[in-house]
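Next comes entry07.txt, a file with compact mmCIF, C-alpha atoms and all ligand atoms.
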```
# COMPACT_ATOMS: atom_id res chain seq x y z
CA THR A 1 106.56 99.46 77.36
CA ALA A 2 105.14 101.22 80.39
CA LEU A 3 104.05 99.27 83.48
CA LEU A 4 100.72 101.05 83.61
CA GLN A 5 98.96 102.41 80.57
CA ILE A 6 95.89 104.58 80.79
CA ARG A 7 94.50 104.99 77.29
CA GLU A 8 91.76 107.41 76.32
CA VAL A 9 89.89 106.82 79.54
CA SER A 10 86.59 108.62 79.97
CA LYS A 11 84.11 108.35 82.79
CA THR A 12 80.63 109.82 82.98
CA PHE A 13 78.43 109.54 86.06
CA HIS A 14 74.75 109.33 85.26
CA SER A 15 72.16 110.53 87.72
CA ASP A 16 68.67 112.01 87.81
CA GLY A 17 70.19 115.47 87.93
CA GLY A 18 72.02 114.82 84.65
CA ASP A 19 75.37 113.52 83.52
CA THR A 20 78.70 114.48 85.06
CA VAL A 21 81.80 114.00 82.96
CA ALA A 22 84.44 113.16 85.57
CA LEU A 23 87.20 112.16 83.14
CA ASP A 24 87.49 113.00 79.48
CA GLN A 25 90.00 111.11 77.33
CA ILE A 26 92.76 110.71 79.89
CA GLY A 27 95.99 109.24 78.55
CA LEU A 28 98.98 108.47 80.75
CA ALA A 29 101.77 105.91 80.91
CA VAL A 30 103.59 105.17 84.16
CA ASN A 31 106.97 103.45 84.05
CA THR A 32 108.29 100.89 86.51
CA GLY A 33 109.81 102.60 89.52
CA GLU A 34 108.24 105.93 88.74
CA ILE A 35 106.24 108.07 91.14
CA VAL A 36 103.58 110.04 89.32
CA SER A 37 101.39 112.44 91.22
CA ILE A 38 98.02 113.71 90.13
CA ILE A 39 97.03 117.16 91.24
CA GLY A 40 94.19 119.51 90.50
CA PRO A 41 91.27 121.25 92.19
CA SER A 42 88.57 119.44 94.09
CA GLY A 43 86.20 117.61 91.77
CA CYS A 44 88.64 117.39 88.85
CA GLY A 45 88.49 113.58 88.78
CA LYS A 46 91.59 112.56 90.79
CA SER A 47 89.87 109.96 92.95
CA THR A 48 87.83 108.67 90.05
CA LEU A 49 91.01 108.05 88.06
CA LEU A 50 92.68 106.26 90.96
CA LYS A 51 89.62 104.07 91.57
CA ILE A 52 89.62 103.09 87.91
CA VAL A 53 93.29 102.11 88.05
CA ALA A 54 92.54 100.16 91.23
CA GLY A 55 89.90 98.17 89.37
CA LEU A 56 87.19 99.48 91.71
CA ASP A 57 85.34 101.09 88.82
CA ILE A 58 85.32 99.24 85.51
CA ASP A 59 82.32 100.99 83.99
CA ILE A 60 84.46 103.23 81.79
CA GLU A 61 85.37 104.05 78.24
CA GLY A 62 88.96 103.38 77.22
CA ASP A 63 91.55 100.95 78.51
CA VAL A 64 93.71 100.60 81.58
CA LEU A 65 96.52 98.07 81.25
CA LEU A 66 98.91 96.78 83.88
CA GLU A 67 101.84 94.97 82.27
CA GLY A 68 99.78 94.88 79.11
CA GLU A 69 96.81 93.17 80.76
CA PRO A 70 93.47 94.96 81.16
CA ILE A 71 92.54 95.85 84.73
CA THR A 72 89.15 94.31 85.34
CA ARG A 73 88.96 94.00 89.11
CA PRO A 74 90.76 94.92 92.32
CA SER A 75 93.67 92.58 92.99
CA ARG A 76 96.74 92.36 95.12
CA GLU A 77 98.84 93.63 92.23
CA LYS A 78 97.54 97.03 93.26
CA GLY A 79 98.04 98.37 96.76
CA PHE A 80 95.54 101.04 97.71
CA ILE A 81 96.02 103.62 100.45
CA PHE A 82 93.18 105.97 101.31
CA GLN A 83 93.05 109.27 103.16
CA GLU A 84 91.69 107.46 106.21
CA HIS A 85 93.83 104.49 107.19
CA ARG A 86 90.94 101.96 107.29
CA LEU A 87 92.72 99.70 109.75
CA PHE A 88 90.72 97.08 111.63
CA PRO A 89 90.36 98.50 115.15
CA TRP A 90 90.08 95.03 116.69
CA LEU A 91 93.41 93.87 115.22
CA ASN A 92 96.83 94.94 116.44
CA VAL A 93 99.49 96.41 114.15
CA GLU A 94 101.07 93.16 113.01
CA ARG A 95 97.71 91.47 112.40
CA ASN A 96 96.45 94.49 110.48
CA ILE A 97 99.53 94.23 108.26
CA ALA A 98 99.28 90.43 107.84
CA GLY A 99 95.58 90.53 106.98
CA ASN A 100 94.36 87.04 106.12
CA LEU A 101 97.90 85.61 106.06
CA SER A 102 99.04 83.66 109.08
CA LEU A 103 101.81 85.09 111.23
CA ARG A 104 102.68 81.51 112.18
CA ASP A 105 103.98 81.07 108.65
CA PRO A 106 107.72 81.90 109.02
CA ALA A 107 107.85 83.55 105.59
CA VAL A 108 104.92 85.81 106.45
CA ARG A 109 106.39 86.54 109.88
CA ARG A 110 109.69 87.59 108.31
CA GLN A 111 108.01 89.78 105.71
CA VAL A 112 105.80 91.49 108.29
CA ASP A 113 108.82 92.12 110.52
CA ASP A 114 110.77 93.58 107.59
CA LEU A 115 107.88 95.88 106.75
CA ILE A 116 107.49 96.98 110.36
CA THR A 117 111.16 97.93 110.27
CA LEU A 118 110.72 99.69 106.93
CA VAL A 119 107.90 101.88 108.25
CA LYS A 120 109.73 102.31 111.58
CA LEU A 121 107.11 100.78 113.86
CA GLN A 122 109.37 98.40 115.78
CA GLY A 123 107.99 97.96 119.28
CA PHE A 124 104.43 98.69 118.17
CA GLU A 125 103.66 95.21 116.77
CA LYS A 126 101.05 94.47 119.45
CA THR A 127 99.59 97.98 119.61
CA TYR A 128 96.00 98.59 118.54
CA PRO A 129 95.06 101.32 116.03
CA LYS A 130 93.33 103.58 118.55
CA GLN A 131 96.62 103.96 120.42
CA LEU A 132 98.51 105.06 117.32
CA SER A 133 98.97 108.61 116.08
CA GLY A 134 97.60 109.45 112.64
CA GLY A 135 101.02 109.21 111.04
CA MET A 136 101.74 105.85 112.61
CA ALA A 137 98.37 104.45 111.52
CA GLN A 138 99.05 105.56 107.96
CA ARG A 139 102.44 103.83 108.10
CA VAL A 140 100.65 100.61 109.11
CA ALA A 141 98.36 101.06 106.11
CA ILE A 142 101.39 101.48 103.85
CA ALA A 143 103.02 98.34 105.28
CA ARG A 144 99.78 96.40 104.79
CA ALA A 145 99.63 97.47 101.15
CA LEU A 146 103.31 96.62 100.56
CA LEU A 147 102.95 93.10 102.00
CA ARG A 148 101.30 91.99 98.77
CA ASN A 149 104.30 93.23 96.76
CA PRO A 150 102.00 95.35 94.62
CA LYS A 151 103.20 96.25 91.16
CA VAL A 152 101.81 99.70 91.73
CA LEU A 153 100.92 101.53 94.92
CA LEU A 154 97.89 103.79 94.60
CA LEU A 155 97.67 106.57 97.16
CA ASP A 156 94.61 108.80 97.41
CA GLU A 157 95.54 111.87 99.49
CA PRO A 158 97.17 109.54 102.01
CA PHE A 159 98.42 112.36 104.23
CA GLY A 160 95.53 114.76 103.72
CA ALA A 161 94.13 114.20 107.20
CA LEU A 162 97.46 114.68 108.98
CA ASP A 163 98.86 117.83 110.54
CA ALA A 164 101.60 119.62 108.58
CA PHE A 165 104.42 118.34 110.76
CA THR A 166 103.37 114.69 110.56
CA ARG A 167 102.68 115.08 106.87
CA SER A 168 106.22 116.15 106.14
CA HIS A 169 107.54 113.20 108.17
CA MET A 170 105.33 110.88 106.15
CA GLN A 171 106.51 112.32 102.87
CA GLU A 172 110.07 111.56 103.93
CA ALA A 173 109.01 108.06 105.02
CA LEU A 174 107.40 107.37 101.67
CA LEU A 175 110.51 108.53 99.85
CA ASP A 176 112.61 106.21 102.03
CA ILE A 177 110.36 103.34 101.01
CA TRP A 178 110.77 104.29 97.38
CA ARG A 179 114.56 104.45 97.73
CA GLU A 180 114.53 100.99 99.28
CA ASN A 181 112.03 99.25 96.99
CA ARG A 182 111.63 101.46 93.91
CA THR A 183 107.89 100.93 94.23
CA THR A 184 105.90 102.37 91.36
CA MET A 185 103.36 104.84 92.73
CA LEU A 186 100.40 106.82 91.52
CA PHE A 187 99.79 109.51 94.09
CA VAL A 188 96.78 111.80 94.33
CA THR A 189 97.17 115.03 96.27
CA HIS A 190 95.87 118.56 96.20
CA ASP A 191 99.10 119.80 97.75
CA ILE A 192 101.43 121.13 95.06
CA ASP A 193 104.45 121.18 97.37
CA GLU A 194 103.85 117.53 98.19
CA ALA A 195 103.66 116.66 94.48
CA VAL A 196 106.90 118.50 93.76
CA PHE A 197 108.66 116.82 96.68
CA LEU A 198 107.41 113.35 95.94
CA SER A 199 107.23 112.66 92.24
CA HIS A 200 109.07 112.21 88.99
CA ARG A 201 106.15 113.58 87.03
CA ILE A 202 103.16 115.68 87.98
CA VAL A 203 99.91 115.32 86.09
CA VAL A 204 97.78 118.45 86.40
CA LEU A 205 94.07 117.83 85.86
CA ASP A 206 91.77 120.61 84.78
CA SER A 207 88.57 121.05 86.78
CA ARG A 208 86.23 120.90 83.83
CA PRO A 209 85.80 118.61 82.06
CA GLY A 210 88.27 116.23 83.69
CA ARG A 211 91.09 116.60 81.23
CA ILE A 212 94.85 116.64 81.57
CA LYS A 213 96.02 120.24 81.58
CA SER A 214 99.74 119.47 81.62
CA ILE A 215 102.28 116.87 82.62
CA ILE A 216 105.34 118.29 84.31
CA THR A 217 108.61 116.40 84.53
CA ASN A 218 110.19 117.04 87.89
CA ASP A 219 113.90 116.51 88.47
CA LEU A 220 114.08 118.41 91.72
CA THR A 221 114.32 115.71 94.34
CA LEU A 222 114.16 112.17 93.04
CA PRO A 223 116.75 110.25 91.11
CA ARG A 224 115.43 108.32 88.14
CA LYS A 225 117.06 105.03 88.96
P1 LIG B 1 88.54 114.76 93.00
O1 LIG B 1 89.05 113.47 93.56
O2 LIG B 1 89.50 115.41 92.07
O3 LIG B 1 88.06 115.71 94.05
P2 LIG B 1 86.39 113.10 92.01
O4 LIG B 1 87.08 112.09 91.19
O5 LIG B 1 85.97 112.71 93.37
O6 LIG B 1 87.28 114.42 92.08
O7 LIG B 1 85.09 113.61 91.25
C1 LIG B 1 85.12 114.03 89.88
C2 LIG B 1 83.71 114.44 89.46
O8 LIG B 1 82.88 113.30 89.42
C3 LIG B 1 83.05 115.43 90.39
O9 LIG B 1 82.25 116.30 89.62
C4 LIG B 1 82.20 114.54 91.26
O10 LIG B 1 81.09 115.26 91.75
C5 LIG B 1 81.79 113.45 90.31
N1 LIG B 1 81.56 112.18 90.99
C6 LIG B 1 82.49 111.45 91.65
N2 LIG B 1 81.97 110.31 92.13
C7 LIG B 1 80.66 110.33 91.77
C8 LIG B 1 79.57 109.42 91.95
N3 LIG B 1 79.74 108.26 92.60
N4 LIG B 1 78.38 109.77 91.42
C9 LIG B 1 78.22 110.90 90.75
N5 LIG B 1 79.19 111.80 90.54
C10 LIG B 1 80.40 111.52 91.03
P1 LIG B 2 105.38 110.43 112.29
O1 LIG B 2 104.34 109.41 112.05
O2 LIG B 2 105.39 111.55 111.34
O3 LIG B 2 106.73 109.84 112.50
P2 LIG B 2 103.95 110.75 114.75
O4 LIG B 2 103.41 112.02 115.28
O5 LIG B 2 103.01 109.78 114.20
O6 LIG B 2 105.03 111.13 113.66
O7 LIG B 2 104.79 110.04 115.86
C1 LIG B 2 106.11 110.43 116.19
C2 LIG B 2 106.70 109.40 117.14
O8 LIG B 2 106.10 109.57 118.42
C3 LIG B 2 106.40 107.99 116.74
O9 LIG B 2 107.32 107.42 115.83
C4 LIG B 2 106.42 107.26 118.08
O10 LIG B 2 107.72 106.89 118.40
C5 LIG B 2 105.90 108.30 119.05
N1 LIG B 2 104.47 108.12 119.33
C6 LIG B 2 103.43 108.75 118.73
N2 LIG B 2 102.25 108.33 119.21
C7 LIG B 2 102.54 107.40 120.14
C8 LIG B 2 101.75 106.59 121.02
N3 LIG B 2 100.41 106.61 121.05
N4 LIG B 2 102.38 105.75 121.84
C9 LIG B 2 103.71 105.71 121.86
N5 LIG B 2 104.54 106.45 121.08
C10 LIG B 2 103.95 107.28 120.22
```
Could the structure of this file be written out as structure tokens, please?
Amino acid sequence: TALLQIREVSKTFHSDGGDTVALDQIGLAVNTGEIVSIIGPSGCGKSTLLKIVAGLDIDIEGDVLLEGEPITRPSREKGFIFQEHRLFPWLNVERNIAGNLSLRDPAVRRQVDDLITLVKLQGFEKTYPKQLSGGMAQRVAIARALLRNPKVLLLDEPFGALDAFTRSHMQEALLDIWRENRTTMLFVTHDIDEAVFLSHRIVVLDSRPGRIKSIITNDLTLPRK
């Protein structure tokens, strides 16, 4: 069975101005090692869907299962990467990646060093976020998410704030990470080219009322296994 199952998920936001249906009966299964991107116009429910899979919003109809278990809260099984890197400005690169784990633990030290190599930030271990370029900061955020060995990496327009040149570098970097680790990813973008470059399948959401318009299988760039 699929690693991640999204079954008949609906989400309505209630407010004084009325109800907004953000998602309407979304069904999707993501296999281990697969990169699935979600595209669609602004307001079509992309971020809402990703937050639900992250366990950040559990007030929904339908079920979201990870390895058959309902997702009821955020946990380290899910790595989340936002458009802004959300690094701690007062912590250097290696401490941002390690988070609450101690770098004095040899196993943690080794893992952090491996990840720094993976995201090509060797030499920047002691650098603080404000001295990093946007692309480098996002690579720190990716390393931080990967440290927990997440079963699925959730990326919400991770390169949306970057210039076109850096963005294309980052797309390559993410593919390198996938080639190395076969990390399962659910990737939100509004950039169709990015989705085509970076995913096995592309889920197209319709603007209203938050439904799946089509799911496109993409064999252009990525091998399956
Ligand atoms: P996208 O990420 O595709 O731009 P969103 O998931 O952010 O879309 O939003 C989907 C719909 O849900 C939009 O109509 C948006 O206005 C609405 N929405 C999102 N978050 C909230 C919220 N916290 N309260 C009320 N409405 C919301
Ligand atoms: P990308 O993240 O797409 O590789 P960047 O524009 O982030 O591209 O950075 C390109 C390279 O330039 C980095 O890998 C790094 O070697 C160097 N670089 C960028 N910003 C700095 C900085 N503040 N200090 C030192 N080197 C930097």
(request) Report as an NGL selection string which protein, DNA and RNA residues come within 6 Å of ligand LIG 2 (chain B), using all atoms listed in the file. (result) :A and (131-136 or 166 or 169-170)
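Residue nearest A:Asp156 within the list A:Leu3, A:Leu121, A:Met185, A:Ile97: A:Met185 [criterion: smallest interatomic distance, only C-alpha atoms].
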(request) Would you mind listing the residues within 6 Å of ligand LIG 1 (chain B), counting all atoms listed in the file, as a list in words? (result) Phe13, Ala22, Ser42, Gly43, Cys44, Gly45, Lys46, Ser47 and Thr48 of chain A
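Closest approach to A:Pro89 from the set A:Ala137, A:Leu222, A:Ile177, A:Leu146 is made by A:Ala137, with distances taken over only C-alpha atoms.
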(request) Please return, as a PyMOL selection string, all polymer residues that have at least one atom within 6 Å of the point (91.3, 104.8, 76.6); use all atoms listed in the file and the file's own coordinate frame. (result) chain A and resi 7-9+62-63
Those same residues, written as a PDB file, in the frame of the given file with C-alpha atoms?
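Below you can see selection02.pdb, which holds the result:
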```pdb
ATOM      1  CA  ARG A   7      94.500 104.990  77.290  1.00  0.00           C
ATOM      2  CA  GLU A   8      91.760 107.410  76.320  1.00  0.00           C
ATOM      3  CA  VAL A   9      89.890 106.820  79.540  1.00  0.00           C
ATOM      4  CA  GLY A  62      88.960 103.380  77.220  1.00  0.00           C
ATOM      5  CA  ASP A  63      91.550 100.950  78.510  1.00  0.00           C
TER       6      ASP A  63
END
```
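Between A:Ile215 and the residues A:Pro150, A:Asp24, A:Ala2, A:Val36, the shortest atom-to-atom distance, using all atoms listed in the file, involves A:Val36.
The neighbours of A:Thr127 here are the residues that come within 9 Å of it, using all atoms listed in the file and leaving out any residue fewer than 4 positions away in the same chain; they are Leu91, Asn92, Val93, Glu94, Gly123, Gln131 and Leu132 of chain A.
A straight line drawn from atom CA of A:Asn96 to atom CA of A:Ala143 is 9.2 Å long.
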Would you compute the box with edges along x, y and z of the file around stretch 131-139 of chain A, including every atom the file lists for it and 6 Å extra on each side, and give its centre and edge lengths in Å to one decimal, as lines of an AutoDock Vina configuration file?
```
center_x = 99.5
center_y = 106.6
center_z = 114.2
size_x = 17.8
size_y = 17.6
size_z = 24.5
```
Would you mind writing stretch 181-205 of chain A with N, CA and C atoms, as a compact mmCIF listing (two decimals), keeping the file's coordinate frame?
```txt
# COMPACT_ATOMS: atom_id res chain seq x y z
N ASN A 181 112.75 100.25 97.79
CA ASN A 181 112.03 99.25 96.99
C ASN A 181 111.78 99.66 95.55
N ARG A 182 111.96 100.95 95.25
CA ARG A 182 111.63 101.46 93.91
C ARG A 182 110.20 101.11 93.52
N THR A 183 109.30 101.23 94.48
CA THR A 183 107.89 100.93 94.23
C THR A 183 107.29 101.96 93.27
N THR A 184 106.61 101.48 92.26
CA THR A 184 105.90 102.37 91.36
C THR A 184 104.68 102.94 92.09
N MET A 185 104.48 104.24 91.99
CA MET A 185 103.36 104.84 92.73
C MET A 185 102.59 105.84 91.88
N LEU A 186 101.29 105.80 92.08
CA LEU A 186 100.40 106.82 91.52
C LEU A 186 99.77 107.50 92.73
N PHE A 187 99.98 108.80 92.82
CA PHE A 187 99.79 109.51 94.09
C PHE A 187 98.87 110.70 93.86
N VAL A 188 97.71 110.67 94.46
CA VAL A 188 96.78 111.80 94.33
C VAL A 188 96.96 112.76 95.51
N THR A 189 97.08 114.04 95.21
CA THR A 189 97.17 115.03 96.27
C THR A 189 96.59 116.34 95.75
N HIS A 190 96.19 117.23 96.69
CA HIS A 190 95.87 118.56 96.20
C HIS A 190 96.94 119.55 96.66
N ASP A 191 98.02 118.99 97.21
CA ASP A 191 99.10 119.80 97.75
C ASP A 191 100.25 119.85 96.74
N ILE A 192 100.43 121.01 96.12
CA ILE A 192 101.43 121.13 95.06
C ILE A 192 102.84 120.89 95.60
N ASP A 193 103.12 121.39 96.79
CA ASP A 193 104.45 121.18 97.37
C ASP A 193 104.73 119.68 97.54
N GLU A 194 103.71 118.97 97.99
CA GLU A 194 103.85 117.53 98.19
C GLU A 194 104.16 116.84 96.85
N ALA A 195 103.44 117.25 95.81
CA ALA A 195 103.66 116.66 94.48
C ALA A 195 105.08 116.94 94.00
N VAL A 196 105.55 118.14 94.21
CA VAL A 196 106.90 118.50 93.76
C VAL A 196 107.94 117.69 94.55
N PHE A 197 107.70 117.53 95.83
CA PHE A 197 108.66 116.82 96.68
C PHE A 197 108.72 115.34 96.35
N LEU A 198 107.59 114.79 95.94
CA LEU A 198 107.41 113.35 95.94
C LEU A 198 107.28 112.70 94.58
N SER A 199 107.53 113.37 93.49
CA SER A 199 107.23 112.66 92.24
C SER A 199 108.18 112.98 91.10
N HIS A 200 108.30 112.01 90.21
CA HIS A 200 109.07 112.21 88.99
C HIS A 200 108.29 113.04 87.98
N ARG A 201 106.99 112.80 87.95
CA ARG A 201 106.15 113.58 87.03
C ARG A 201 104.87 113.99 87.75
N ILE A 202 104.38 115.15 87.37
CA ILE A 202 103.16 115.68 87.98
C ILE A 202 102.13 115.87 86.87
N VAL A 203 101.02 115.19 87.04
CA VAL A 203 99.91 115.32 86.09
C VAL A 203 98.93 116.34 86.66
N VAL A 204 98.70 117.41 85.93
CA VAL A 204 97.78 118.45 86.40
C VAL A 204 96.44 118.25 85.68
N LEU A 205 95.41 117.97 86.46
CA LEU A 205 94.07 117.83 85.86
C LEU A 205 93.36 119.18 85.91
```
